file query-v9.pdb (PDB, C-alpha atoms)
ATOM      1  CA  MET A  15      25.442  96.015  63.683
ATOM      2  CA  HIS A  16      23.450  99.193  63.101
ATOM      3  CA  LYS A  17      21.476  97.526  60.281
ATOM      4  CA  ILE A  18      20.562  94.562  62.500
ATOM      5  CA  TYR A  19      19.318  96.924  65.201
ATOM      6  CA  ILE A  20      17.101  98.799  62.714
ATOM      7  CA  PHE A  21      15.829  95.503  61.284
ATOM      8  CA  PHE A  22      14.721  94.215  64.698
ATOM      9  CA  LEU A  23      13.245  97.601  65.591
ATOM     10  CA  LEU A  24      11.132  97.518  62.428
ATOM     11  CA  ILE A  25       9.952  93.970  63.156
ATOM     12  CA  TYR A  26       9.065  94.902  66.738
ATOM     13  CA  THR A  27       7.204  98.055  65.623
ATOM     14  CA  PHE A  28       5.279  96.173  62.933
ATOM     15  CA  THR A  29       4.324  93.395  65.368
ATOM     16  CA  PHE A  30       3.265  95.857  68.079
ATOM     17  CA  PHE A  31       1.077  98.032  65.867
ATOM     18  CA  THR A  32      -0.578  95.191  63.955
ATOM     19  CA  GLY A  33      -1.400  93.504  67.258
ATOM     20  CA  CYS A  34      -3.105  96.665  68.557
ATOM     21  CA  ALA A  35      -5.737  96.911  65.853
ATOM     22  CA  LEU A  36      -9.335  96.739  66.994
ATOM     23  CA  LYS A  37     -11.460  94.041  65.440
ATOM     24  CA  PRO A  38     -14.133  95.224  63.009
ATOM     25  CA  VAL A  39     -17.613  95.760  64.431
ATOM     26  CA  ASP A  40     -19.696  92.573  64.195
ATOM     27  CA  VAL A  41     -23.241  93.478  63.067
ATOM     28  CA  ILE A  42     -26.515  91.579  62.643
ATOM     29  CA  LYS A  43     -29.384  93.557  61.066
ATOM     30  CA  ASN A  44     -32.731  91.773  60.885
ATOM     31  CA  ALA A  45     -35.151  94.701  60.586
ATOM     32  CA  ASP A  46     -35.375  98.468  60.236
ATOM     33  CA  TYR A  47     -35.146 100.127  63.645
ATOM     34  CA  THR A  48     -36.323 103.529  62.317
ATOM     35  CA  LYS A  49     -39.964 102.390  62.082
ATOM     36  CA  TYR A  50     -40.189 102.462  65.898
ATOM     37  CA  LYS A  51     -40.959 105.525  68.030
ATOM     38  CA  PHE A  52     -40.073 104.571  71.622
ATOM     39  CA  ILE A  53     -37.028 103.051  73.324
ATOM     40  CA  TYR A  54     -36.739 101.268  76.618
ATOM     41  CA  VAL A  55     -33.089 101.072  77.665
ATOM     42  CA  SER A  56     -32.100  98.488  80.271
ATOM     43  CA  PRO A  57     -30.259 100.312  83.076
ATOM     44  CA  THR A  58     -26.517  99.846  83.501
ATOM     45  CA  ASN A  59     -24.066 100.714  86.250
ATOM     46  CA  THR A  60     -21.609 103.570  85.997
ATOM     47  CA  VAL A  61     -18.032 102.448  85.384
ATOM     48  CA  THR A  62     -15.388 104.506  87.172
ATOM     49  CA  SER A  63     -11.716 104.028  86.426
ATOM     50  CA  SER A  64      -8.533 105.973  86.898
ATOM     51  CA  SER A  65      -5.071 106.195  85.473
ATOM     52  CA  GLU A  66      -2.046 107.197  87.520
ATOM     53  CA  SER A  67       1.452 108.191  86.566
ATOM     54  CA  ILE A  68       4.528 108.954  88.611
ATOM     55  CA  TYR A  69       7.783 110.248  87.215
ATOM     56  CA  THR A  70      10.965 111.889  88.376
ATOM     57  CA  GLY A  71      11.890 115.242  86.906
ATOM     58  CA  TYR A  72      15.357 116.411  85.904
ATOM     59  CA  ASN A  73      15.679 118.202  89.225
ATOM     60  CA  GLY A  74      15.143 114.980  91.190
ATOM     61  CA  TYR A  75      11.634 115.792  92.380
ATOM     62  CA  VAL A  76       8.941 113.138  92.031
ATOM     63  CA  TYR A  77       5.762 114.185  90.247
ATOM     64  CA  GLY A  78       2.482 112.362  89.987
ATOM     65  CA  SER A  79      -0.937 112.745  88.477
ATOM     66  CA  THR A  80      -4.240 110.916  88.579
ATOM     67  CA  TYR A  81      -6.902 110.934  85.906
ATOM     68  CA  THR A  82     -10.381 109.621  86.770
ATOM     69  CA  GLN A  83     -13.093 108.935  84.228
ATOM     70  CA  GLN A  84     -16.695 107.713  84.477
ATOM     71  CA  THR A  85     -19.086 106.372  81.899
ATOM     72  CA  ASN A  86     -22.541 104.851  81.976
ATOM     73  CA  PRO A  87     -23.301 102.805  78.844
ATOM     74  CA  SER A  88     -27.090 103.282  79.091
ATOM     75  CA  ASP A  89     -26.594 107.082  79.150
ATOM     76  CA  ILE A  90     -24.541 106.944  75.945
ATOM     77  CA  ILE A  91     -27.101 104.671  74.266
ATOM     78  CA  THR A  92     -30.017 106.852  75.413
ATOM     79  CA  GLY A  93     -28.363 110.014  74.132
ATOM     80  CA  PHE A  94     -27.673 108.435  70.753
ATOM     81  CA  PHE A  95     -31.323 107.475  70.242
ATOM     82  CA  MET A  96     -32.700 110.734  71.647
ATOM     83  CA  LYS A  97     -30.671 112.593  69.012
ATOM     84  CA  LYS A  98     -32.519 110.493  66.440
ATOM     85  CA  ASN A  99     -35.881 111.657  67.879
ATOM     86  CA  PHE A 100     -36.759 108.465  69.739
ATOM     87  CA  LEU A 101     -38.699 108.887  72.973
ATOM     88  CA  LEU A 102     -37.314 107.253  76.109
ATOM     89  CA  VAL A 103     -39.918 105.402  78.184
ATOM     90  CA  ASN A 104     -39.645 103.974  81.702
ATOM     91  CA  GLU A 105     -42.201 101.251  81.030
ATOM     92  CA  ILE A 106     -43.505  99.605  77.897
ATOM     93  CA  ARG A 107     -47.088 100.692  77.179
ATOM     94  CA  ASN A 108     -47.041 100.533  73.394
ATOM     95  CA  PRO A 109     -45.000  97.422  72.508
ATOM     96  CA  GLU A 110     -45.724  97.657  68.758
ATOM     97  CA  ASN A 111     -43.711 100.882  68.559
ATOM     98  CA  THR A 112     -41.070 100.193  71.212
ATOM     99  CA  ILE A 113     -37.516  98.884  71.055
ATOM    100  CA  ILE A 114     -35.930  97.223  74.078
ATOM    101  CA  ILE A 115     -32.201  97.951  74.184
ATOM    102  CA  ASN A 116     -29.859  95.661  76.117
ATOM    103  CA  TYR A 117     -26.148  96.152  76.780
ATOM    104  CA  GLY A 118     -23.473  93.795  78.030
ATOM    105  CA  GLN A 119     -19.720  93.470  78.228
ATOM    106  CA  SER A 120     -18.866  90.493  76.082
ATOM    107  CA  GLY A 121     -15.116  90.088  76.137
ATOM    108  CA  LYS A 122     -11.601  91.212  76.897
ATOM    109  CA  ARG A 123      -8.660  90.582  74.578
ATOM    110  CA  ASN A 124      -4.984  90.967  75.406
ATOM    111  CA  ILE A 125      -2.912  92.610  72.695
ATOM    112  CA  ALA A 126       0.703  93.632  72.169
ATOM    113  CA  GLY A 127       1.956  90.604  74.034
ATOM    114  CA  GLY A 128      -0.190  91.360  77.096
ATOM    115  CA  LEU A 129       0.965  94.983  77.419
ATOM    116  CA  ALA A 130      -2.540  96.260  76.629
ATOM    117  CA  TYR A 131      -6.073  94.993  76.237
ATOM    118  CA  THR A 132      -9.373  95.788  74.553
ATOM    119  CA  LEU A 133     -12.852  95.492  76.019
ATOM    120  CA  GLU A 134     -15.745  94.259  73.911
ATOM    121  CA  VAL A 135     -19.391  95.227  74.359
ATOM    122  CA  THR A 136     -22.552  93.893  72.742
ATOM    123  CA  ILE A 137     -25.738  95.887  72.204
ATOM    124  CA  GLN A 138     -29.058  94.315  71.216
ATOM    125  CA  LEU A 139     -32.219  95.980  69.931
ATOM    126  CA  LEU A 140     -35.327  93.853  70.428
ATOM    127  CA  ASP A 141     -38.921  94.332  69.290
ATOM    128  CA  ALA A 142     -40.856  94.884  72.541
ATOM    129  CA  LYS A 143     -43.911  92.981  71.294
ATOM    130  CA  THR A 144     -42.295  89.879  69.775
ATOM    131  CA  HIS A 145     -38.838  90.020  71.398
ATOM    132  CA  ASN A 146     -37.367  89.334  67.965
ATOM    133  CA  LEU A 147     -33.860  90.609  67.351
ATOM    134  CA  ILE A 148     -33.899  93.798  65.275
ATOM    135  CA  PHE A 149     -30.211  94.588  65.465
ATOM    136  CA  GLN A 150     -27.121  93.408  67.305
ATOM    137  CA  CYS A 151     -23.560  94.673  67.309
ATOM    138  CA  SER A 152     -20.353  93.782  69.097
ATOM    139  CA  ALA A 153     -17.403  96.156  69.131
ATOM    140  CA  GLU A 154     -14.089  96.590  70.907
ATOM    141  CA  GLY A 155     -12.714  99.710  72.501
ATOM    142  CA  MET A 156      -9.245 100.608  73.708
ATOM    143  CA  GLY A 157      -8.417 103.791  75.588
ATOM    144  CA  SER A 158      -6.404 104.946  78.560
ATOM    145  CA  THR A 159      -8.940 103.669  81.143
ATOM    146  CA  GLU A 160     -11.601 100.974  81.310
ATOM    147  CA  ALA A 161     -14.323 103.649  81.241
ATOM    148  CA  GLU A 162     -12.850 105.043  78.026
ATOM    149  CA  ASP A 163     -12.595 101.524  76.544
ATOM    150  CA  ILE A 164     -16.318 101.065  77.129
ATOM    151  CA  ARG A 165     -17.235 104.501  75.770
ATOM    152  CA  ILE A 166     -15.242 103.874  72.587
ATOM    153  CA  ALA A 167     -16.737 100.396  72.134
ATOM    154  CA  VAL A 168     -20.328 101.614  72.657
ATOM    155  CA  ASN A 169     -19.858 104.484  70.203
ATOM    156  CA  ARG A 170     -18.287 102.181  67.578
ATOM    157  CA  CYS A 171     -21.235  99.829  67.984
ATOM    158  CA  LEU A 172     -23.835 102.593  67.692
ATOM    159  CA  ASP A 173     -22.064 104.102  64.686
ATOM    160  CA  SER A 174     -22.776 100.855  62.838
ATOM    161  CA  LEU A 175     -26.512 101.631  63.077
ATOM    162  CA  GLN A 176     -26.182 104.542  60.678
TER     163      GLN A 176
END
call {"tool": "encode", "arguments": {"input": "query-v9.pdb", "output": "structure tokens"}}
result
Amino acid sequence: MHKIYIFFLLIYTFTFFTGCALKPVDVIKNADYTKYKFIYVSPTNTVTSSSESIYTGYNGYVYGSTYTQQTNPSDIITGFFMKKNFLLVNEIRNPENTIIINYGQSGKRNIAGGLAYTLEVTIQLLDAKTHNLIFQCSAEGMGSTEAEDIRIAVNRCLDSLQ
């Protein structure tokens, strides 16, 4: 009986952890983004999410905690490009040297039999003059809150630029 229990525990563990893997980042590279000097980042809304937990201690008292997190995808994207010496502009005056950066949430996938989920984001870099696609990536993120899911997904996407 003990061997059967261990066998099913191993199958369950294997199924759970293989179902939790994030998909690889999907990348399209059509041109070199480093030849540009300016970025125009489409504004995004701040995502606020929280995680709560309640538990009973050994002494019978009930304890609880709340964890709140915020993220703004355009702030993460802007910071990434500013670190690479791009200049952020509020309007496009020099389209030959400017990249337009768009962000969108592109999917949600249930994993581990619906016990958890991942959020997917897509980021596009467009030539401001021609509107041709320079680069596009889609990546999933999974954290303890929706805000963390988005932050992880955006960072995974941007890491594929390097």
call {"tool": "atom_distance", "arguments": {"input": "query-v9.pdb", "atom1": "CA of Leu139 in chain A", "atom2": "CA of Cys151 in chain A"}}
result
9.1 Å
call {"tool": "closest_residue", "arguments": {"input": "query-v9.pdb", "among": "A:Arg170, A:Gly127, A:Phe100, A:Ile164", "to": "Thr48 in chain A", "atoms": "all atoms listed in the file"}}
result
A:Phe100
call {"tool": "closest_residue", "arguments": {"input": "query-v9.pdb", "among": "A:Arg123, A:Tyr54, A:Thr144, A:Ser79", "to": "Glu66 in chain A", "atoms": "only C-alpha atoms"}}
result
A:Ser79
call {"tool": "atom_distance", "arguments": {"input": "query-v9.pdb", "atom1": "CA of Ser174 in chain A", "atom2": "CA of Leu129 in chain A"}}
result
28.5 Å
call {"tool": "resolve_selection", "arguments": {"input": "query-v9.pdb", "expression": "the PyMOL selection byres ((chain A and resi 150) around 6)", "output": "ChimeraX atom specification"}}
result
/A:41-42,137-138,149,151
call {"tool": "resolve_selection", "arguments": {"input": "query-v9.pdb", "expression": "the PyMOL selection byres ((chain A and resi 47) around 9)", "output": "list of chain:residue names"}}
result
A:Ala45, A:Asp46, A:Thr48, A:Lys49, A:Tyr50, A:Ile113, A:Leu139, A:Asp141, A:Ile148, A:Phe149, A:Leu175
call {"tool": "atom_distance", "arguments": {"input": "query-v9.pdb", "atom1": "CA of Leu147 in chain A", "atom2": "CA of Val55 in chain A"}}
result
14.7 Å
call {"tool": "residues_around", "arguments": {"input": "query-v9.pdb", "residues": "Ala35 in chain A", "least_positions_apart": "6", "cutoff": "10 Å", "atoms": "only C-alpha atoms", "output": "PyMOL selection string"}}
result
chain A and resi 125-126+132+154+156
call {"tool": "closest_residue", "arguments": {"input": "query-v9.pdb", "among": "A:Ser65, A:Asn169, A:Ser152, A:Thr58", "to": "Val39 in chain A", "atoms": "all atoms listed in the file"}}
result
A:Ser152
call {"tool": "residues_around", "arguments": {"input": "query-v9.pdb", "residues": "Asn99 in chain A", "least_positions_apart": "3", "cutoff": "8 Å", "atoms": "only C-alpha atoms", "output": "count of residues only"}}
result
3
call {"tool": "closest_residue", "arguments": {"input": "query-v9.pdb", "among": "A:Ala130, A:Ser64, A:Thr92, A:Thr112", "to": "Thr80 in chain A", "atoms": "all atoms listed in the file"}}
result
A:Ser64
call {"tool": "closest_residue", "arguments": {"input": "query-v9.pdb", "among": "A:Thr136, A:Asn104, A:Thr60, A:Asn146", "to": "Asp40 in chain A", "atoms": "all atoms listed in the file"}}
result
A:Thr136
call {"tool": "closest_residue", "arguments": {"input": "query-v9.pdb", "among": "A:Leu133, A:Leu140, A:Ile166, A:Val61", "to": "Gly121 in chain A", "atoms": "only C-alpha atoms"}}
result
A:Leu133
call {"tool": "axis_aligned_box", "arguments": {"input": "query-v9.pdb", "around": "range 57-71 of chain A", "padding_each_side": "8 Å", "output": "lines of an AutoDock Vina configuration file"}}
result
center_x = -9.2
center_y = 107.5
center_z = 85.8
size_x = 58.1
size_y = 31.4
size_z = 21.5
call {"tool": "resolve_selection", "arguments": {"input": "query-v9.pdb", "expression": "the PyMOL selection byres ((chain A and resi 162) around 10)", "output": "list in words"}}
result
Val61, Thr62, Ser63, Ser64, Gln83, Gln84, Thr85, Leu133, Gly155, Met156, Gly157, Ser158, Thr159, Glu160, Ala161, Asp163, Ile164, Arg165, Ile166, Ala167 and Val168 of chain A
call {"tool": "residues_around", "arguments": {"input": "query-v9.pdb", "residues": "Asn59 in chain A", "least_positions_apart": "4", "cutoff": "9 Å", "atoms": "only C-alpha atoms", "output": "PDB file with C-alpha atoms, in the frame of the given file"}}
result
ATOM      1  CA  THR A  85     -19.086 106.372  81.899  1.00  0.00           C
ATOM      2  CA  ASN A  86     -22.541 104.851  81.976  1.00  0.00           C
ATOM      3  CA  PRO A  87     -23.301 102.805  78.844  1.00  0.00           C
ATOM      4  CA  SER A  88     -27.090 103.282  79.091  1.00  0.00           C
TER       5      SER A  88
END
call {"tool": "residues_around", "arguments": {"input": "query-v9.pdb", "residues": "Tyr77 in chain A", "least_positions_apart": "5", "cutoff": "7 Å", "atoms": "only C-alpha atoms", "output": "list of chain:residue names"}}
result
A:Ile68, A:Tyr69, A:Thr70
